[in-house]
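Visitor: Sharing protein22.csv here; it has CSV, C-alpha atoms.
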chain,number,residue,atom,x,y,z
A,1,MET,CA,96.4,121.4,71.7
A,2,PRO,CA,95.4,119.4,74.8
A,3,HIS,CA,91.6,118.7,75.0
A,4,LEU,CA,90.4,119.1,78.6
A,5,LEU,CA,87.1,118.3,80.3
A,6,VAL,CA,86.3,120.3,83.4
A,7,ILE,CA,83.6,118.8,85.7
A,8,GLU,CA,82.5,121.6,87.9
A,9,ASP,CA,79.0,122.5,89.1
A,10,ASP,CA,79.7,126.2,90.1
A,11,PRO,CA,78.9,128.2,87.0
A,12,GLN,CA,81.1,131.1,87.9
A,13,LEU,CA,84.1,129.0,88.7
A,14,ARG,CA,83.5,126.8,85.6
A,15,GLY,CA,83.4,129.9,83.4
A,16,ALA,CA,86.5,131.4,84.9
A,17,LEU,CA,88.4,128.1,84.5
A,18,VAL,CA,87.3,127.8,80.9
A,19,ARG,CA,88.5,131.3,80.0
A,20,ALA,CA,91.8,130.9,81.9
A,21,LEU,CA,92.6,127.5,80.4
A,22,ARG,CA,91.7,128.5,76.9
A,23,ASP,CA,94.0,131.5,77.3
A,24,LYS,CA,96.7,129.0,78.2
A,25,GLY,CA,96.2,127.2,74.9
A,26,HIS,CA,93.9,124.3,75.9
A,27,ALA,CA,90.6,123.3,74.3
A,28,VAL,CA,88.1,123.0,77.1
A,29,ALA,CA,84.7,121.2,77.4
A,30,THR,CA,82.7,121.3,80.6
A,31,ALA,CA,80.1,119.3,82.5
A,32,PRO,CA,78.0,120.6,85.5
A,33,THR,CA,77.3,117.2,87.1
A,34,GLY,CA,79.1,114.0,87.9
A,35,MET,CA,77.0,111.8,85.6
A,36,SER,CA,77.1,114.2,82.6
A,37,GLY,CA,80.9,114.5,83.1
A,38,LEU,CA,81.3,110.7,83.2
A,39,ASP,CA,79.4,110.4,80.0
A,40,ALA,CA,81.4,113.2,78.3
A,41,ALA,CA,84.7,111.6,79.5
A,42,VAL,CA,83.8,108.2,78.1
A,43,THR,CA,82.2,109.5,74.9
A,44,ASP,CA,84.6,112.3,73.9
A,45,ARG,CA,87.8,110.9,75.4
A,46,PRO,CA,89.6,114.1,76.4
A,47,ASP,CA,93.3,114.2,77.1
A,48,LEU,CA,92.7,115.1,80.8
A,49,VAL,CA,89.8,115.6,83.2
A,50,VAL,CA,89.7,118.2,85.9
A,51,LEU,CA,87.2,116.8,88.5
A,52,ASP,CA,85.6,118.8,91.3
A,53,LEU,CA,84.6,116.6,94.3
A,54,GLY,CA,81.6,118.6,95.5
A,55,LEU,CA,79.1,117.8,92.7
A,56,PRO,CA,75.3,118.0,93.1
A,57,ASP,CA,74.4,114.5,92.0
A,58,VAL,CA,77.3,112.1,92.7
A,59,ASP,CA,80.3,112.7,94.9
A,60,GLY,CA,83.4,113.4,92.7
A,61,ALA,CA,85.3,110.5,94.4
A,62,GLN,CA,82.6,108.1,93.2
A,63,VAL,CA,82.8,109.6,89.7
A,64,LEU,CA,86.6,109.0,89.8
A,65,ARG,CA,86.1,105.3,90.7
A,66,MET,CA,83.5,104.8,88.0
A,67,LEU,CA,85.7,106.5,85.4
A,68,ARG,CA,88.7,104.4,86.4
A,69,ALA,CA,86.6,101.3,85.9
A,70,VAL,CA,86.4,102.0,82.2
A,71,SER,CA,89.2,104.4,81.3
A,72,GLU,CA,92.8,105.5,82.0
A,73,ILE,CA,92.2,109.1,81.1
A,74,PRO,CA,94.4,111.3,83.4
A,75,VAL,CA,92.4,113.0,86.2
A,76,ILE,CA,93.3,115.9,88.4
A,77,VAL,CA,91.0,116.3,91.4
A,78,ALA,CA,90.1,119.8,92.5
A,79,THR,CA,89.3,119.6,96.2
A,80,ALA,CA,89.0,121.7,99.4
A,81,ARG,CA,89.9,118.5,101.4
A,82,ASP,CA,93.5,118.6,102.4
A,83,GLU,CA,93.6,116.0,105.1
A,84,GLU,CA,96.0,113.1,104.6
A,85,PRO,CA,93.3,110.3,104.7
A,86,ASP,CA,91.3,112.2,102.0
A,87,MET,CA,94.4,112.6,99.8
A,88,VAL,CA,95.3,108.9,100.2
A,89,ALA,CA,91.8,107.8,99.3
A,90,LEU,CA,91.8,109.9,96.1
A,91,LEU,CA,95.2,108.7,95.0
A,92,ASP,CA,94.2,105.1,95.8
A,93,ALA,CA,91.0,105.6,93.7
A,94,GLY,CA,93.2,106.5,90.7
A,95,ALA,CA,93.7,110.3,90.7
A,96,ASP,CA,96.9,111.3,88.9
A,97,ASP,CA,97.2,114.5,90.9
A,98,TYR,CA,95.1,116.8,93.1
A,99,ILE,CA,95.0,120.5,93.6
A,100,VAL,CA,93.6,122.1,96.7
A,101,LYS,CA,91.1,125.0,96.5
A,102,PRO,CA,91.4,127.9,96.2
A,103,PHE,CA,94.0,127.8,93.4
A,104,GLY,CA,95.1,130.0,90.5
A,105,ALA,CA,94.8,129.2,86.8
A,106,ALA,CA,98.6,129.2,86.4
A,107,GLN,CA,99.0,126.5,89.1
A,108,LEU,CA,96.3,124.3,87.5
A,109,ASP,CA,97.9,124.8,84.1
A,110,ALA,CA,101.3,123.8,85.4
A,111,ARG,CA,99.8,120.6,86.9
A,112,ILE,CA,98.0,119.8,83.7
A,113,LYS,CA,101.2,120.1,81.7
A,114,ALA,CA,103.1,118.1,84.2
A,115,VAL,CA,100.7,115.2,84.2
A,116,LEU,CA,100.5,115.2,80.4
A,117,ARG,CA,104.2,115.4,80.1
A,118,ARG,CA,104.8,112.6,82.6
A,119,LEU,CA,102.3,110.3,81.0
A,120,GLY,CA,103.1,111.1,77.4
A,121,GLY,CA,106.9,111.5,77.6
A,122,PRO,CA,109.6,109.2,76.2
A,123,GLN,CA,110.0,105.9,78.1
A,124,GLU,CA,113.0,103.7,78.4
A,125,ALA,CA,112.8,100.2,77.1
A,126,GLU,CA,115.0,98.2,79.5
A,127,PRO,CA,113.3,97.2,82.8
A,128,LEU,CA,115.1,98.3,86.0
A,129,ARG,CA,115.8,95.6,88.6
A,130,VAL,CA,116.4,96.2,92.3
A,131,GLY,CA,116.5,93.0,94.2
A,132,GLY,CA,113.2,91.3,93.6
A,133,LEU,CA,111.7,94.4,92.1
A,134,ARG,CA,111.3,94.7,88.4
A,135,VAL,CA,110.2,98.1,87.0
A,136,ASP,CA,109.1,98.0,83.4
A,137,LEU,CA,109.4,101.6,82.3
A,138,ALA,CA,108.0,101.1,78.8
A,139,GLY,CA,105.0,99.0,80.0
A,140,ARG,CA,104.6,101.0,83.2
A,141,LYS,CA,104.4,97.8,85.3
A,142,VAL,CA,106.1,96.7,88.5
A,143,ALA,CA,106.5,93.2,89.8
A,144,LEU,CA,107.8,92.2,93.2
A,145,ASP,CA,109.2,88.6,93.4
A,146,GLY,CA,107.3,87.8,90.2
A,147,ARG,CA,104.0,89.2,91.5
A,148,THR,CA,102.5,92.2,89.7
A,149,LEU,CA,101.8,95.2,91.9
A,150,ASP,CA,98.8,97.4,91.4
A,151,LEU,CA,100.2,100.9,91.5
A,152,THR,CA,98.6,104.3,90.7
A,153,PRO,CA,100.3,106.3,88.0
A,154,ARG,CA,102.0,108.6,90.6
A,155,GLU,CA,103.2,105.7,92.7
A,156,PHE,CA,104.7,104.2,89.5
A,157,ASP,CA,106.5,107.5,88.7
A,158,LEU,CA,107.8,107.8,92.2
A,159,LEU,CA,109.1,104.2,92.3
A,160,ALA,CA,110.6,104.5,88.8
A,161,HIS,CA,112.5,107.6,89.8
A,162,LEU,CA,113.9,106.0,92.9
A,163,ALA,CA,114.8,102.8,90.9
A,164,ARG,CA,116.8,104.9,88.4
A,165,ARG,CA,118.7,106.2,91.4
A,166,ALA,CA,118.9,102.9,93.2
A,167,GLY,CA,121.3,102.8,96.1
A,168,GLN,CA,121.4,106.6,96.3
A,169,VAL,CA,119.6,108.9,98.8
A,170,VAL,CA,117.1,111.1,97.0
A,171,SER,CA,115.9,114.3,98.7
A,172,ARG,CA,112.2,115.2,99.0
A,173,ARG,CA,113.0,118.4,97.1
A,174,GLU,CA,114.3,116.4,94.1
A,175,LEU,CA,111.2,114.1,94.2
A,176,LEU,CA,108.9,117.1,94.3
A,177,ALA,CA,110.8,118.7,91.3
A,178,GLU,CA,111.2,115.5,89.2
A,179,VAL,CA,108.1,113.5,90.0
A,180,TRP,CA,105.6,116.2,90.9
A,181,GLN,CA,107.2,118.9,88.6
A,182,GLN,CA,107.2,121.4,91.4
A,183,PRO,CA,110.7,122.9,91.1
A,184,LEU,CA,109.9,125.7,93.6
A,185,GLY,CA,109.1,123.1,96.2
A,186,GLY,CA,105.9,121.9,97.8
A,187,ALA,CA,104.6,120.1,100.8
A,188,ASP,CA,106.8,117.3,102.1
A,189,LYS,CA,103.6,115.6,103.2
A,190,THR,CA,102.8,115.0,99.6
A,191,VAL,CA,105.9,112.8,99.2
A,192,ASP,CA,105.4,111.2,102.6
A,193,VAL,CA,101.8,110.2,101.7
A,194,HIS,CA,102.9,108.5,98.5
A,195,LEU,CA,105.9,106.8,100.2
A,196,SER,CA,103.6,105.4,102.9
A,197,TRP,CA,101.1,104.0,100.4
A,198,LEU,CA,103.9,102.6,98.2
A,199,ARG,CA,105.4,100.9,101.3
A,200,ARG,CA,102.1,99.1,102.0
A,201,LYS,CA,102.1,97.7,98.5
A,202,LEU,CA,105.7,96.6,98.9
A,203,GLY,CA,104.7,94.8,102.1
A,204,GLU,CA,106.8,96.9,104.4
A,205,THR,CA,106.6,99.8,106.8
A,206,ALA,CA,108.8,102.8,107.7
A,207,GLN,CA,109.7,101.0,110.9
A,208,ARG,CA,110.5,97.7,109.2
A,209,PRO,CA,111.7,98.6,105.7
A,210,ARG,CA,112.9,96.2,103.0
A,211,TYR,CA,113.3,98.4,99.9
A,212,LEU,CA,112.4,102.0,100.8
A,213,HIS,CA,114.7,103.4,103.5
A,214,THR,CA,114.3,106.9,105.0
A,215,VAL,CA,117.6,108.6,105.8
A,216,ARG,CA,116.7,111.1,108.5
A,217,THR,CA,116.8,114.8,107.5
A,218,VAL,CA,118.1,113.8,104.0
A,219,GLY,CA,115.7,111.8,102.0
A,220,VAL,CA,114.8,108.3,100.9
A,221,LYS,CA,116.8,105.5,99.3
A,222,LEU,CA,115.6,102.5,97.3
A,223,ALA,CA,117.9,99.5,97.8
A,224,PRO,CA,117.6,95.7,97.7
A,225,PRO,CA,117.2,94.0,101.1
A,226,GLU,CA,120.7,92.6,101.1
A,227,SER,CA,122.3,96.0,100.5
A,228,THR,CA,120.6,98.2,103.1
A,229,GLU,CA,123.1,98.3,105.9
A,230,GLY,CA,123.9,101.8,107.1
A,231,SER,CA,120.6,103.4,106.5
A,232,ASP,CA,118.6,104.9,109.3
A,233,GLY,CA,115.4,102.9,108.5
Turn this file's structure into structure tokens for me.

Guide:
Amino acid sequence: MPHLLVIEDDPQLRGALVRALRDKGHAVATAPTGMSGLDAAVTDRPDLVVLDLGLPDVDGAQVLRMLRAVSEIPVIVATARDEEPDMVALLDAGADDYIVKPFGAAQLDARIKAVLRRLGGPQEAEPLRVGGLRVDLAGRKVALDGRTLDLTPREFDLLAHLARRAGQVVSRRELLAEVWQQPLGGADKTVDVHLSWLRRKLGETAQRPRYLHTVRTVGVKLAPPESTEGSDG
């Protein structure tokens, strides 16, 4: 049974989430403030944290940064902020996923299961190599030309999926289904935000790609620099 920590200051929403998540088979603890939630996360080490951003004492984004400094516990951010810069900032700060308010318990439960499955599932032993990229699936590490890249968990999962399909065009729908565990589809913007951030860490842009190549109206392809002819950039 997964043990969750819900950091949420609204008592009505907190109670509703506890009831709904327990009905889904989770063990749930709660905290009403950022600092009490941080203390509970570090002390009790839950399997996953659901973190509200609008907390009364410390902004949830700051709680996320403080938690990431001492722990790798998966975090799903619950937020009413759906603008691209806000999403990018949360992902860069170490969020494993985010869910935009208002949301239903079934959607949150699906995201929790997807994150836990992704982080706790079987991993392959042999690193994948694409040009100067080395993707260590077992160690969840990526190096580019011998230099280790600092990727978020979701960025790693995205790059690993593309590396397994190196040289092939992968559709956004497939990425949403396989990386985000959203088989019924979702926002293309979610994929684009992650690809944009991943490109920065690879030292490239959409206009001047080296490894990540967008094929218009189709999807994206990961290929070594010397094997990229014929893509649309």

Visitor: By how many Å are atom CA of A:Pro74 and atom CA of A:Val49 apart?

Guide: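 Those two atoms sit 6.3 Å apart.
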
Visitor: So that I can see what lies close to A:Leu4, please list as a count of residues only the residues with an atom at most 7 Å from it, counting all atoms listed in the file and leaving out residues fewer than 4 positions away in the same chain.

Guide: 8

Visitor: Out of A:Leu21, A:Met66, A:Val220, A:Val169, which residue has the shortest atom-to-atom distance to A:Val42 when counting all atoms listed in the file?

Guide: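 Checking each of A:Leu21, A:Met66, A:Val220, A:Val169 against A:Val42, counting all atoms listed in the file, the winner is A:Met66.
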
Visitor: Residues near A:Pro153, anyone? I mean within 8 Å using only C-alpha atoms, not counting same-chain ones fewer than 3 positions away, as a ChimeraX atom specification.

Guide: /A:94,96,156-157

Visitor: Would you work out the distance separating atom CA of A:Leu108 from atom CA of A:Glu8, expressed in Å to one decimal?

Guide: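 So the two atoms, atom CA of A:Leu108 and atom CA of A:Glu8, lie 14.1 Å apart.
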
Visitor: Using only C-alpha atoms, determine which residues lie at most 7 Å from stretch 126-130 of chain A, disregarding the query and same-chain residues fewer than 3 positions distant; provide the list as a list of chain:residue names.

Guide: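 Within the cut-off, the hits are A:Leu133, A:Arg134, A:Val135, A:Asp136, A:Leu137, A:Ala163, A:Ala223, A:Pro224.
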
Visitor: Compare A:Ala69, A:Ala160, A:Ala78, A:Leu144 by their minimum atom-to-atom distance to A:Gly104, counting all atoms listed in the file, and give me the closest one.

Guide: A:Ala78

Visitor: Would you give the centre and edge lengths, in Å to one decimal, of a box along x, y and z around the listed atoms of stretch 63-74 of chain A, with 8 Å added to each side, as AutoDock Vina command-line options?

Guide:
--center_x 88.6 --center_y 106.3 --center_z 85.9 --size_x 27.6 --size_y 26.0 --size_z 25.6

Visitor: Identify which of the residues A:Lys201, A:His161, A:Arg147, A:Lys141 lies closest to A:Arg118, counting all atoms listed in the file when measuring atom-to-atom distances.

Guide: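 Looking only at the distances to A:Arg118, the closest residue turns out to be A:His161.
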
Visitor: My structure is short of atoms at stretch 99-110 of chain A; please model all heavy atoms there, returning them as a PDB file, in the coordinates of the input.

Guide:
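What ended up in out_12.pdb:
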ATOM      1  N   ILE A  99      94.652 119.121  93.348  1.00  0.00           N
ATOM      2  CA  ILE A  99      95.000 120.500  93.600  1.00  0.00           C
ATOM      3  C   ILE A  99      93.955 121.037  94.594  1.00  0.00           C
ATOM      4  O   ILE A  99      92.758 120.749  94.498  1.00  0.00           O
ATOM      5  CB  ILE A  99      94.926 121.333  92.262  1.00  0.00           C
ATOM      6  CG1 ILE A  99      95.381 122.773  92.487  1.00  0.00           C
ATOM      7  CG2 ILE A  99      93.554 121.284  91.595  1.00  0.00           C
ATOM      8  CD1 ILE A  99      95.656 123.526  91.181  1.00  0.00           C
ATOM      9  N   VAL A 100      94.439 121.720  95.620  1.00  0.00           N
ATOM     10  CA  VAL A 100      93.600 122.100  96.700  1.00  0.00           C
ATOM     11  C   VAL A 100      93.045 123.547  96.477  1.00  0.00           C
ATOM     12  O   VAL A 100      93.797 124.468  96.136  1.00  0.00           O
ATOM     13  CB  VAL A 100      94.385 122.105  98.057  1.00  0.00           C
ATOM     14  CG1 VAL A 100      93.522 122.606  99.216  1.00  0.00           C
ATOM     15  CG2 VAL A 100      94.870 120.687  98.344  1.00  0.00           C
ATOM     16  N   LYS A 101      91.731 123.691  96.629  1.00  0.00           N
ATOM     17  CA  LYS A 101      91.100 125.000  96.500  1.00  0.00           C
ATOM     18  C   LYS A 101      91.376 125.878  97.678  1.00  0.00           C
ATOM     19  O   LYS A 101      91.478 125.365  98.793  1.00  0.00           O
ATOM     20  CB  LYS A 101      89.574 124.812  96.342  1.00  0.00           C
ATOM     21  CG  LYS A 101      89.144 124.087  95.080  1.00  0.00           C
ATOM     22  CD  LYS A 101      87.619 123.971  95.051  1.00  0.00           C
ATOM     23  CE  LYS A 101      87.133 123.294  93.783  1.00  0.00           C
ATOM     24  NZ  LYS A 101      85.670 123.196  93.736  1.00  0.00           N
ATOM     25  N   PRO A 102      91.485 127.191  97.467  1.00  0.00           N
ATOM     26  CA  PRO A 102      91.400 127.900  96.200  1.00  0.00           C
ATOM     27  C   PRO A 102      92.781 127.808  95.456  1.00  0.00           C
ATOM     28  O   PRO A 102      93.829 127.717  96.096  1.00  0.00           O
ATOM     29  CB  PRO A 102      91.129 129.333  96.583  1.00  0.00           C
ATOM     30  CG  PRO A 102      91.750 129.472  97.943  1.00  0.00           C
ATOM     31  CD  PRO A 102      91.587 128.124  98.609  1.00  0.00           C
ATOM     32  N   PHE A 103      92.751 127.829  94.145  1.00  0.00           N
ATOM     33  CA  PHE A 103      94.000 127.800  93.400  1.00  0.00           C
ATOM     34  C   PHE A 103      93.878 128.729  92.189  1.00  0.00           C
ATOM     35  O   PHE A 103      92.790 129.129  91.782  1.00  0.00           O
ATOM     36  CB  PHE A 103      94.240 126.342  92.856  1.00  0.00           C
ATOM     37  CG  PHE A 103      93.089 125.772  92.057  1.00  0.00           C
ATOM     38  CD1 PHE A 103      92.942 126.061  90.714  1.00  0.00           C
ATOM     39  CD2 PHE A 103      92.154 124.952  92.660  1.00  0.00           C
ATOM     40  CE1 PHE A 103      91.887 125.542  89.973  1.00  0.00           C
ATOM     41  CE2 PHE A 103      91.081 124.427  91.943  1.00  0.00           C
ATOM     42  CZ  PHE A 103      90.951 124.727  90.594  1.00  0.00           C
ATOM     43  N   GLY A 104      95.030 129.084  91.658  1.00  0.00           N
ATOM     44  CA  GLY A 104      95.100 130.000  90.500  1.00  0.00           C
ATOM     45  C   GLY A 104      95.158 129.178  89.212  1.00  0.00           C
ATOM     46  O   GLY A 104      95.561 128.014  89.193  1.00  0.00           O
ATOM     47  N   ALA A 105      94.793 129.826  88.124  1.00  0.00           N
ATOM     48  CA  ALA A 105      94.800 129.200  86.800  1.00  0.00           C
ATOM     49  C   ALA A 105      96.228 128.751  86.421  1.00  0.00           C
ATOM     50  O   ALA A 105      96.423 127.706  85.794  1.00  0.00           O
ATOM     51  CB  ALA A 105      94.231 130.103  85.762  1.00  0.00           C
ATOM     52  N   ALA A 106      97.218 129.563  86.784  1.00  0.00           N
ATOM     53  CA  ALA A 106      98.600 129.200  86.400  1.00  0.00           C
ATOM     54  C   ALA A 106      99.047 127.941  87.103  1.00  0.00           C
ATOM     55  O   ALA A 106      99.736 127.109  86.502  1.00  0.00           O
ATOM     56  CB  ALA A 106      99.525 130.384  86.795  1.00  0.00           C
ATOM     57  N   GLN A 107      98.641 127.764  88.370  1.00  0.00           N
ATOM     58  CA  GLN A 107      99.000 126.500  89.100  1.00  0.00           C
ATOM     59  C   GLN A 107      98.328 125.319  88.462  1.00  0.00           C
ATOM     60  O   GLN A 107      98.953 124.278  88.266  1.00  0.00           O
ATOM     61  CB  GLN A 107      98.626 126.641  90.553  1.00  0.00           C
ATOM     62  CG  GLN A 107      99.053 125.418  91.367  1.00  0.00           C
ATOM     63  CD  GLN A 107      98.549 125.457  92.804  1.00  0.00           C
ATOM     64  OE1 GLN A 107      97.843 126.370  93.184  1.00  0.00           O
ATOM     65  NE2 GLN A 107      98.915 124.469  93.584  1.00  0.00           N
ATOM     66  N   LEU A 108      97.039 125.459  88.133  1.00  0.00           N
ATOM     67  CA  LEU A 108      96.300 124.300  87.500  1.00  0.00           C
ATOM     68  C   LEU A 108      96.947 124.026  86.141  1.00  0.00           C
ATOM     69  O   LEU A 108      97.147 122.856  85.798  1.00  0.00           O
ATOM     70  CB  LEU A 108      94.855 124.684  87.344  1.00  0.00           C
ATOM     71  CG  LEU A 108      94.004 123.632  86.626  1.00  0.00           C
ATOM     72  CD1 LEU A 108      94.073 122.287  87.340  1.00  0.00           C
ATOM     73  CD2 LEU A 108      92.558 124.106  86.499  1.00  0.00           C
ATOM     74  N   ASP A 109      97.268 125.052  85.360  1.00  0.00           N
ATOM     75  CA  ASP A 109      97.900 124.800  84.100  1.00  0.00           C
ATOM     76  C   ASP A 109      99.212 124.103  84.190  1.00  0.00           C
ATOM     77  O   ASP A 109      99.516 123.186  83.406  1.00  0.00           O
ATOM     78  CB  ASP A 109      98.100 126.188  83.363  1.00  0.00           C
ATOM     79  CG  ASP A 109      98.793 126.065  82.031  1.00  0.00           C
ATOM     80  OD1 ASP A 109      98.284 125.340  81.144  1.00  0.00           O
ATOM     81  OD2 ASP A 109      99.876 126.662  81.861  1.00  0.00           O
ATOM     82  N   ALA A 110     100.006 124.472  85.195  1.00  0.00           N
ATOM     83  CA  ALA A 110     101.300 123.800  85.400  1.00  0.00           C
ATOM     84  C   ALA A 110     101.103 122.335  85.747  1.00  0.00           C
ATOM     85  O   ALA A 110     101.843 121.466  85.270  1.00  0.00           O
ATOM     86  CB  ALA A 110     102.076 124.518  86.510  1.00  0.00           C
TER      87      ALA A 110
END
